[in-house]
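Data from coords-v3.txt: compact mmCIF, C-alpha atoms
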# COMPACT_ATOMS: atom_id res chain seq x y z
CA MET I 1 -2.31 17.97 -7.71
CA SER I 2 1.31 18.96 -7.15
CA THR I 3 0.13 21.31 -4.41
CA ASP I 4 -1.30 18.29 -2.54
CA VAL I 5 1.95 16.39 -3.08
CA ASP I 6 4.07 19.29 -1.84
CA TYR I 7 1.84 19.71 1.21
CA LEU I 8 1.94 16.00 2.11
CA LYS I 9 5.68 15.76 1.45
CA SER I 10 6.31 18.75 3.76
CA LEU I 11 4.68 16.84 6.63
CA LEU I 12 6.78 13.68 6.32
CA GLN I 13 9.40 13.51 9.05
CA ALA I 14 12.82 12.08 8.29
CA HIS I 15 14.45 9.99 11.02
CA PRO I 16 18.10 9.25 10.19
CA ASP I 17 19.55 5.88 11.20
CA PHE I 18 16.16 4.29 11.91
CA PRO I 19 15.49 1.38 12.17
CA LYS I 20 19.22 0.87 11.61
CA LYS I 21 22.29 2.90 10.73
CA GLY I 22 22.35 4.21 7.18
CA ILE I 23 18.56 4.22 6.69
CA VAL I 24 16.54 7.45 6.66
CA PHE I 25 13.02 6.54 7.77
CA LEU I 26 10.22 8.72 6.36
CA ASP I 27 7.45 8.88 8.98
CA ILE I 28 3.84 9.22 7.73
CA PHE I 29 2.33 9.62 11.21
CA PRO I 30 2.47 13.46 11.17
CA ILE I 31 0.04 13.29 8.22
CA LEU I 32 -2.33 11.04 10.18
CA ARG I 33 -2.21 13.32 13.24
CA ASN I 34 -3.43 16.24 11.13
CA PRO I 35 -7.09 15.78 10.07
CA VAL I 36 -6.78 18.13 7.07
CA ALA I 37 -3.61 16.41 5.88
CA PHE I 38 -5.13 12.95 6.37
CA GLU I 39 -8.19 13.97 4.35
CA THR I 40 -5.90 15.45 1.67
CA LEU I 41 -4.05 12.11 1.47
CA ILE I 42 -7.24 10.06 1.14
CA THR I 43 -8.78 12.51 -1.36
CA HIS I 44 -5.60 12.49 -3.45
CA LEU I 45 -5.61 8.69 -3.64
CA LEU I 46 -9.34 8.59 -4.44
CA HIS I 47 -8.97 11.21 -7.15
CA HIS I 48 -6.20 9.16 -8.76
CA LEU I 49 -8.32 6.00 -8.61
CA THR I 50 -11.53 7.58 -9.91
CA SER I 51 -9.88 9.64 -12.67
CA SER I 52 -7.10 7.30 -13.86
CA THR I 53 -7.58 3.72 -12.68
CA ILE I 54 -11.31 2.98 -12.59
CA PRO I 55 -12.14 4.39 -16.05
CA LYS I 56 -9.78 1.80 -17.60
CA LEU I 57 -11.55 -1.15 -15.94
CA PRO I 58 -14.09 -3.16 -17.98
CA ASN I 59 -16.46 -3.44 -15.01
CA GLY I 60 -15.87 0.20 -14.01
CA LYS I 61 -15.19 -0.56 -10.34
CA ILE I 62 -12.72 -1.82 -7.79
CA ASP I 63 -14.08 -4.83 -5.92
CA VAL I 64 -11.47 -5.22 -3.17
CA VAL I 65 -8.91 -3.04 -1.42
CA VAL I 66 -6.08 -5.08 0.12
CA GLY I 67 -4.14 -3.42 2.94
CA LEU I 68 -0.69 -4.65 3.94
CA ASP I 69 0.23 -5.28 7.56
CA ALA I 70 0.24 -2.84 9.28
CA ARG I 71 0.17 0.68 7.81
CA GLY I 72 -1.99 -0.44 4.90
CA PHE I 73 -4.66 -1.06 7.56
CA LEU I 74 -4.77 2.69 8.23
CA LEU I 75 -5.57 3.63 4.62
CA GLY I 76 -7.26 0.56 3.16
CA PRO I 77 -10.57 0.54 5.07
CA ILE I 78 -11.18 4.23 4.36
CA LEU I 79 -10.48 3.82 0.64
CA ALA I 80 -12.62 0.68 0.50
CA MET I 81 -15.55 2.35 2.21
CA ARG I 82 -15.44 5.37 -0.10
CA LEU I 83 -15.14 3.14 -3.19
CA GLY I 84 -17.93 0.78 -2.11
CA ALA I 85 -15.40 -2.06 -2.09
CA ALA I 86 -14.47 -4.80 0.37
CA PHE I 87 -11.41 -4.42 2.59
CA VAL I 88 -9.11 -7.42 2.96
CA PRO I 89 -6.10 -7.44 5.29
CA VAL I 90 -2.85 -9.22 4.48
CA ARG I 91 -1.14 -10.19 7.72
CA LYS I 92 2.05 -11.76 8.91
CA GLN I 93 1.85 -15.56 9.12
CA GLY I 94 -0.20 -16.90 12.03
CA LYS I 95 -2.18 -13.71 12.73
CA LEU I 96 -5.42 -14.51 10.85
CA PRO I 97 -8.06 -17.05 11.93
CA GLY I 98 -9.47 -19.73 9.64
CA GLU I 99 -8.09 -21.20 6.45
CA CYS I 100 -5.46 -19.00 4.81
CA VAL I 101 -3.29 -18.90 1.71
CA LYS I 102 0.39 -18.06 2.19
CA ALA I 103 3.18 -16.40 0.21
CA THR I 104 6.78 -15.96 1.33
CA TYR I 105 8.99 -13.02 0.45
CA GLU I 106 12.59 -11.92 0.82
CA LYS I 107 13.54 -9.21 3.26
CA GLU I 108 16.88 -7.50 3.67
CA TYR I 109 17.65 -9.88 6.56
CA GLY I 110 15.90 -13.15 5.64
CA THR I 111 12.44 -14.31 4.60
CA ASP I 112 8.98 -13.66 5.94
CA ALA I 113 5.48 -14.84 5.07
CA PHE I 114 2.16 -13.10 4.49
CA GLU I 115 -1.28 -14.68 4.69
CA MET I 116 -4.78 -13.87 3.50
CA GLN I 117 -8.00 -15.66 4.43
CA SER I 118 -8.91 -18.17 1.72
CA ASP I 119 -12.42 -16.80 1.16
CA ALA I 120 -11.43 -13.12 1.08
CA ILE I 121 -11.28 -12.67 -2.70
CA LYS I 122 -13.47 -14.28 -5.32
CA PRO I 123 -12.18 -15.29 -8.78
CA GLY I 124 -12.32 -12.39 -11.23
CA GLN I 125 -12.54 -9.62 -8.65
CA THR I 126 -10.55 -6.46 -9.34
CA VAL I 127 -8.14 -5.57 -6.53
CA ILE I 128 -5.88 -2.69 -5.51
CA VAL I 129 -3.14 -3.04 -2.90
CA VAL I 130 -2.31 -0.18 -0.53
CA ASP I 131 0.58 0.44 1.87
CA ASP I 132 2.58 3.39 3.14
CA LEU I 133 5.89 2.64 1.41
CA ILE I 134 7.43 0.53 -1.32
CA ALA I 135 11.13 -0.17 -0.85
CA THR I 136 12.30 -3.56 -2.15
CA GLY I 137 8.73 -4.57 -3.08
CA GLY I 138 8.86 -7.97 -1.39
CA SER I 139 5.72 -7.55 0.71
CA ALA I 140 3.73 -6.02 -2.17
CA LYS I 141 4.82 -8.85 -4.48
CA ALA I 142 3.72 -11.43 -1.87
CA ALA I 143 0.32 -9.71 -1.63
CA GLY I 144 -0.01 -9.88 -5.40
CA GLN I 145 0.75 -13.60 -5.28
CA LEU I 146 -1.96 -14.13 -2.64
CA ILE I 147 -4.49 -12.24 -4.76
CA SER I 148 -3.54 -14.33 -7.78
CA GLN I 149 -3.81 -17.61 -5.80
CA LEU I 150 -7.43 -16.73 -5.03
CA GLY I 151 -8.20 -15.78 -8.65
CA GLY I 152 -8.31 -12.01 -8.16
CA LYS I 153 -6.78 -9.50 -10.58
CA THR I 154 -4.44 -6.89 -9.12
CA ILE I 155 -4.96 -3.72 -11.10
CA GLU I 156 -2.71 -1.32 -9.16
CA TYR I 157 -0.44 -0.91 -6.16
CA LEU I 158 -0.77 2.38 -4.24
CA PHE I 159 1.81 3.84 -1.86
CA ILE I 160 2.37 7.14 -0.12
CA ILE I 161 6.15 6.86 -0.62
CA GLU I 162 8.19 5.05 -3.27
CA LEU I 163 11.96 4.62 -2.94
CA MET I 164 12.77 5.03 -6.64
CA PHE I 165 16.42 3.92 -6.49
CA LEU I 166 15.35 0.38 -5.52
CA LYS I 167 13.20 0.05 -8.69
CA ALA I 168 10.75 -2.28 -6.92
CA GLY I 169 7.79 -1.32 -9.09
CA SER I 170 9.31 -3.21 -12.01
CA THR I 171 9.03 -6.49 -10.05
CA LEU I 172 5.26 -6.25 -9.54
CA ASP I 173 2.42 -7.64 -11.67
CA ALA I 174 0.52 -4.34 -11.97
CA PRO I 175 1.32 -0.62 -12.20
CA VAL I 176 2.48 1.37 -9.15
CA TYR I 177 1.12 4.75 -8.10
CA SER I 178 2.98 6.67 -5.42
CA ILE I 179 2.44 10.19 -4.15
CA VAL I 180 6.02 10.93 -3.05
CA GLN I 181 9.00 9.55 -4.94
CA SER I 182 12.26 9.57 -2.99
CA ASP I 183 15.68 9.07 -4.56
CA ASP I 184 17.53 8.57 -1.28

Would you mind giving the structure from this file in structure tokens?
Amino acid sequence: MSTDVDYLKSLLQAHPDFPKKGIVFLDIFPILRNPVAFETLITHLLHHLTSSTIPKLPNGKIDVVVGLDARGFLLGPILAMRLGAAFVPVRKQGKLPGECVKATYEKEYGTDAFEMQSDAIKPGQTVIVVDDLIATGGSAKAAGQLISQLGGKTIEYLFIIELMFLKAGSTLDAPVYSIVQSDD
């Protein structure tokens, strides 16, 4: 699959000093604008899940795909539909209707909170979490806490890009799979 990885990596656009000085932002939107690249991305993630993740599960299936606000919403529903799983959004506090569970997390400039609807995950369901990027891991960790509060079992976190030098994967309650690993 390294050919897929090389292809997808070649389409990422680097934006120096965005959103602030000293940060190089890797933009996934060129992948989404290219239908072949977008399909390659989805197929790559599905191949990983069906060949590596799902065979290890006792029930042989993923019940829920959780997408993180907001780029996880671009990938999550597609993966969920192809896996025959439910899609559940995790949103910033105050954005979801009805009763919600909440988890706070640290950001580089303060704290924030994520919420999930209280009836979104049933006890014992197997869950994967998807987003575009893992940096410090705060938002992914908060999603894992929400899943746990509802009795779900996070089996894996999936990202397009992982910033390896921040070592965020070691703070999570399940393995991390990323397509592109960046050391800067």

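Every protein or nucleic acid residue with an atom no more than 7 Å from segment 7-9 of chain I, counting all atoms listed in the file and leaving out same-chain residues fewer than 5 positions away, appears here: Ile31, Ala37 and Val180 of chain I.
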
query: What separation in Å, quoted to one decimal, exists between atom CA of Glu115 of chain I and atom CA of Arg91 of chain I?
result: 5.4 Å

task: Check the smallest atom-to-atom distance from each of I:Asp131, I:Glu99, I:Asp119, I:Asp27 to Pro77 of chain I using all atoms listed in the file, then report the winner.
output: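 Smallest separation from Pro77 of chain I among the options: I:Asp131.
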
Excluding Ser52 of chain I and any residue of its chain fewer than 4 positions from it, enumerate the residues within 12 Å of it, using all atoms listed in the file, and give them as a PDB file with C-alpha atoms, in the coordinates of the input.
ATOM      1  CA  HIS I  44      -5.600  12.490  -3.450  1.00  0.00           C
ATOM      2  CA  LEU I  45      -5.610   8.690  -3.640  1.00  0.00           C
ATOM      3  CA  LEU I  46      -9.340   8.590  -4.440  1.00  0.00           C
ATOM      4  CA  HIS I  47      -8.970  11.210  -7.150  1.00  0.00           C
ATOM      5  CA  HIS I  48      -6.200   9.160  -8.760  1.00  0.00           C
ATOM      6  CA  LYS I  56      -9.780   1.800 -17.600  1.00  0.00           C
ATOM      7  CA  LEU I  57     -11.550  -1.150 -15.940  1.00  0.00           C
ATOM      8  CA  GLY I  60     -15.870   0.200 -14.010  1.00  0.00           C
ATOM      9  CA  LYS I  61     -15.190  -0.560 -10.340  1.00  0.00           C
ATOM     10  CA  ILE I 155      -4.960  -3.720 -11.100  1.00  0.00           C
ATOM     11  CA  GLU I 156      -2.710  -1.320  -9.160  1.00  0.00           C
ATOM     12  CA  PRO I 175       1.320  -0.620 -12.200  1.00  0.00           C
ATOM     13  CA  TYR I 177       1.120   4.750  -8.100  1.00  0.00           C
TER      14      TYR I 177
END

message: My list of candidates is I:Gln181, I:Asn34, I:Thr53, I:Gln93. Which is closest to Gln117 of chain I when distances are computed with all atoms listed in the file?
response: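 Between I:Gln181, I:Asn34, I:Thr53, I:Gln93, the residue approaching Gln117 of chain I most closely is I:Gln93.
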